Amino acid sequence: MNPHKADSFFQKVYEVVRRVPRGRVTTYGAIAAYLGSKGSARMVGWAMNHSHKTDPDIPAHRVVNRNGVLTGKHHFGTHRMMQQLLENEGVVVISDKVRHFDALFWDPGKAR
DNA sequence: GGTGTGACCAGCT
DNA sequence: AAGCTGGCCACAC
């Protein structure tokens, strides 16, 4: 009802990503679905691409694809950066995949 | 204002 | 089984 710039899709994505607890991960699809656009998971990834420009404090490394694979690792400063950050939070990453992804998955819809 | 693109997802061949 | 296509929607040129 009040299409302000602050309410743009990107901004909502950032807000959700910020809510992801430390040591947890979520997926593009989950965020997209939470925002009401289930099929627009690509938009989420795109939002992340500009996240470092708009809000550099966004923990984009906590966002992975539905396989738990660090698809966006290549977009960080260095490829190891994303894995480094995750492991630094206690998330084990093997072959660019999050171990125990099922248990570490954080659903924004179920979160408080 | 149309076209292209994109850190995805699911389905079809 | 593995690869390709379409769909989805917002943003940049």
# chains A, B, ... in the order shown; residues from 1 in each chain; ligands from 1

$ interface_residues --of "chain A" --to "chain B" --cutoff "8 Å" --atoms "only C-alpha atoms (C1' of nucleotides)" --output "PyMOL selection string"
chain A and resi 28-29+39-43+45-46+48-49+65+71-73+75

$ select_by_dssp --residues "chain A" --states "strand (DSSP E)" --output "VMD selection string"
chain A and resid 26 to 27 63 to 64 93 to 94 97 to 98

$ atom_distance --atom1 "atom CA of Gly36 of chain A" --atom2 "atom CA of Arg62 of chain A"
20.4 Å

$ residues_around --residues "Val63 of chain A" --least-positions-apart "2" --cutoff "12 Å" --atoms "only C-alpha atoms (C1' of nucleotides)" --output "NGL selection string"
(:A and (13-14 or 16-32 or 41 or 44-49 or 58-61 or 65-73 or 82-83 or 85-86 or 97-98 or 101 or 104-108)) or (:B and (7-8))

$ closest_atom_pairs --of "chain C" --to "chain A" --cutoff "7 Å" --atoms "only C-alpha atoms (C1' of nucleotides)" --output "tab-separated table"
residue	atom	partner	partner_atom	distance
C:DC8	C1'	A:Gly39	CA	4.6
C:DC9	C1'	A:Ser40	CA	5.8
C:DA10	C1'	A:Met43	CA	6.5

$ write_last_selection --atoms "all heavy atoms" --output "PDB file, in the first residue's frame"
ATOM      1  P    DC C   8       5.201 -18.208 -14.523  1.00  0.00           P
ATOM      2  OP1  DC C   8       3.813 -18.642 -14.292  1.00  0.00           O
ATOM      3  OP2  DC C   8       5.495 -17.301 -15.656  1.00  0.00           O
ATOM      4  O5'  DC C   8       5.724 -17.493 -13.215  1.00  0.00           O
ATOM      5  C5'  DC C   8       6.258 -18.220 -12.117  1.00  0.00           C
ATOM      6  C4'  DC C   8       7.372 -17.435 -11.433  1.00  0.00           C
ATOM      7  O4'  DC C   8       8.634 -17.772 -12.015  1.00  0.00           O
ATOM      8  C3'  DC C   8       7.250 -15.919 -11.609  1.00  0.00           C
ATOM      9  O3'  DC C   8       6.498 -15.362 -10.550  1.00  0.00           O
ATOM     10  C2'  DC C   8       8.700 -15.455 -11.493  1.00  0.00           C
ATOM     11  C1'  DC C   8       9.516 -16.670 -11.922  1.00  0.00           C
ATOM     12  N1   DC C   8      10.186 -16.499 -13.234  1.00  0.00           N
ATOM     13  C2   DC C   8      11.532 -16.812 -13.345  1.00  0.00           C
ATOM     14  O2   DC C   8      12.121 -17.204 -12.347  1.00  0.00           O
ATOM     15  N3   DC C   8      12.153 -16.676 -14.537  1.00  0.00           N
ATOM     16  C4   DC C   8      11.466 -16.240 -15.604  1.00  0.00           C
ATOM     17  N4   DC C   8      12.110 -16.129 -16.755  1.00  0.00           N
ATOM     18  C5   DC C   8      10.081 -15.918 -15.504  1.00  0.00           C
ATOM     19  C6   DC C   8       9.487 -16.054 -14.321  1.00  0.00           C
ATOM     20  P    DC C   9       5.632 -14.054 -10.846  1.00  0.00           P
ATOM     21  OP1  DC C   9       4.569 -14.020  -9.837  1.00  0.00           O
ATOM     22  OP2  DC C   9       5.304 -13.981 -12.276  1.00  0.00           O
ATOM     23  O5'  DC C   9       6.672 -12.890 -10.539  1.00  0.00           O
ATOM     24  C5'  DC C   9       7.328 -12.847  -9.290  1.00  0.00           C
ATOM     25  C4'  DC C   9       8.547 -11.943  -9.376  1.00  0.00           C
ATOM     26  O4'  DC C   9       9.476 -12.443 -10.350  1.00  0.00           O
ATOM     27  C3'  DC C   9       8.241 -10.498  -9.799  1.00  0.00           C
ATOM     28  O3'  DC C   9       8.848  -9.631  -8.879  1.00  0.00           O
ATOM     29  C2'  DC C   9       8.873 -10.384 -11.160  1.00  0.00           C
ATOM     30  C1'  DC C   9      10.022 -11.347 -11.056  1.00  0.00           C
ATOM     31  N1   DC C   9      10.598 -11.834 -12.346  1.00  0.00           N
ATOM     32  C2   DC C   9      11.986 -11.875 -12.479  1.00  0.00           C
ATOM     33  O2   DC C   9      12.681 -11.508 -11.543  1.00  0.00           O
ATOM     34  N3   DC C   9      12.527 -12.329 -13.632  1.00  0.00           N
ATOM     35  C4   DC C   9      11.721 -12.726 -14.618  1.00  0.00           C
ATOM     36  N4   DC C   9      12.306 -13.171 -15.722  1.00  0.00           N
ATOM     37  C5   DC C   9      10.304 -12.691 -14.511  1.00  0.00           C
ATOM     38  C6   DC C   9       9.783 -12.239 -13.356  1.00  0.00           C
ATOM     39  P    DA C  10       8.274  -8.136  -8.745  1.00  0.00           P
ATOM     40  OP1  DA C  10       7.582  -8.061  -7.468  1.00  0.00           O
ATOM     41  OP2  DA C  10       7.602  -7.765 -10.001  1.00  0.00           O
ATOM     42  O5'  DA C  10       9.630  -7.297  -8.636  1.00  0.00           O
ATOM     43  C5'  DA C  10      10.540  -7.608  -7.592  1.00  0.00           C
ATOM     44  C4'  DA C  10      11.964  -7.254  -8.008  1.00  0.00           C
ATOM     45  O4'  DA C  10      12.363  -8.045  -9.139  1.00  0.00           O
ATOM     46  C3'  DA C  10      12.124  -5.786  -8.418  1.00  0.00           C
ATOM     47  O3'  DA C  10      13.311  -5.267  -7.845  1.00  0.00           O
ATOM     48  C2'  DA C  10      12.237  -5.858  -9.936  1.00  0.00           C
ATOM     49  C1'  DA C  10      12.913  -7.203 -10.137  1.00  0.00           C
ATOM     50  N9   DA C  10      12.634  -7.789 -11.455  1.00  0.00           N
ATOM     51  C8   DA C  10      11.414  -8.022 -12.023  1.00  0.00           C
ATOM     52  N7   DA C  10      11.475  -8.576 -13.212  1.00  0.00           N
ATOM     53  C5   DA C  10      12.837  -8.719 -13.431  1.00  0.00           C
ATOM     54  C6   DA C  10      13.558  -9.242 -14.511  1.00  0.00           C
ATOM     55  N6   DA C  10      13.010  -9.741 -15.620  1.00  0.00           N
ATOM     56  N1   DA C  10      14.908  -9.239 -14.415  1.00  0.00           N
ATOM     57  C2   DA C  10      15.480  -8.740 -13.313  1.00  0.00           C
ATOM     58  N3   DA C  10      14.897  -8.229 -12.244  1.00  0.00           N
ATOM     59  C4   DA C  10      13.555  -8.246 -12.359  1.00  0.00           C
TER      60       DA C  10
END

$ select_by_dssp --residues "chain A" --states "alpha helix (DSSP H)" --output "MDAnalysis selection string"
chainID A and resid 9:19 28:35 41:54 79:88 101:104

$ decode --residues "chain C" --atoms "C-alpha atoms (C1' of nucleotides)" --output "PDB file, in the first residue's frame"
ATOM      1  C1'  DA C   1      21.435 -40.442 -15.094  1.00  0.00           C
ATOM      2  C1'  DA C   2      22.474 -36.074 -16.767  1.00  0.00           C
ATOM      3  C1'  DG C   3      21.458 -32.090 -19.477  1.00  0.00           C
ATOM      4  C1'  DC C   4      18.241 -28.617 -21.099  1.00  0.00           C
ATOM      5  C1'  DT C   5      14.158 -25.590 -20.862  1.00  0.00           C
ATOM      6  C1'  DG C   6      10.822 -22.782 -18.957  1.00  0.00           C
ATOM      7  C1'  DG C   7       9.121 -20.025 -15.194  1.00  0.00           C
ATOM      8  C1'  DC C   8       9.516 -16.670 -11.922  1.00  0.00           C
ATOM      9  C1'  DC C   9      10.022 -11.347 -11.056  1.00  0.00           C
ATOM     10  C1'  DA C  10      12.913  -7.203 -10.137  1.00  0.00           C
ATOM     11  C1'  DC C  11      16.548  -4.247 -11.860  1.00  0.00           C
ATOM     12  C1'  DA C  12      20.052  -2.067 -15.377  1.00  0.00           C
ATOM     13  C1'  DC C  13      20.845  -0.284 -19.990  1.00  0.00           C
TER      14       DC C  13
END
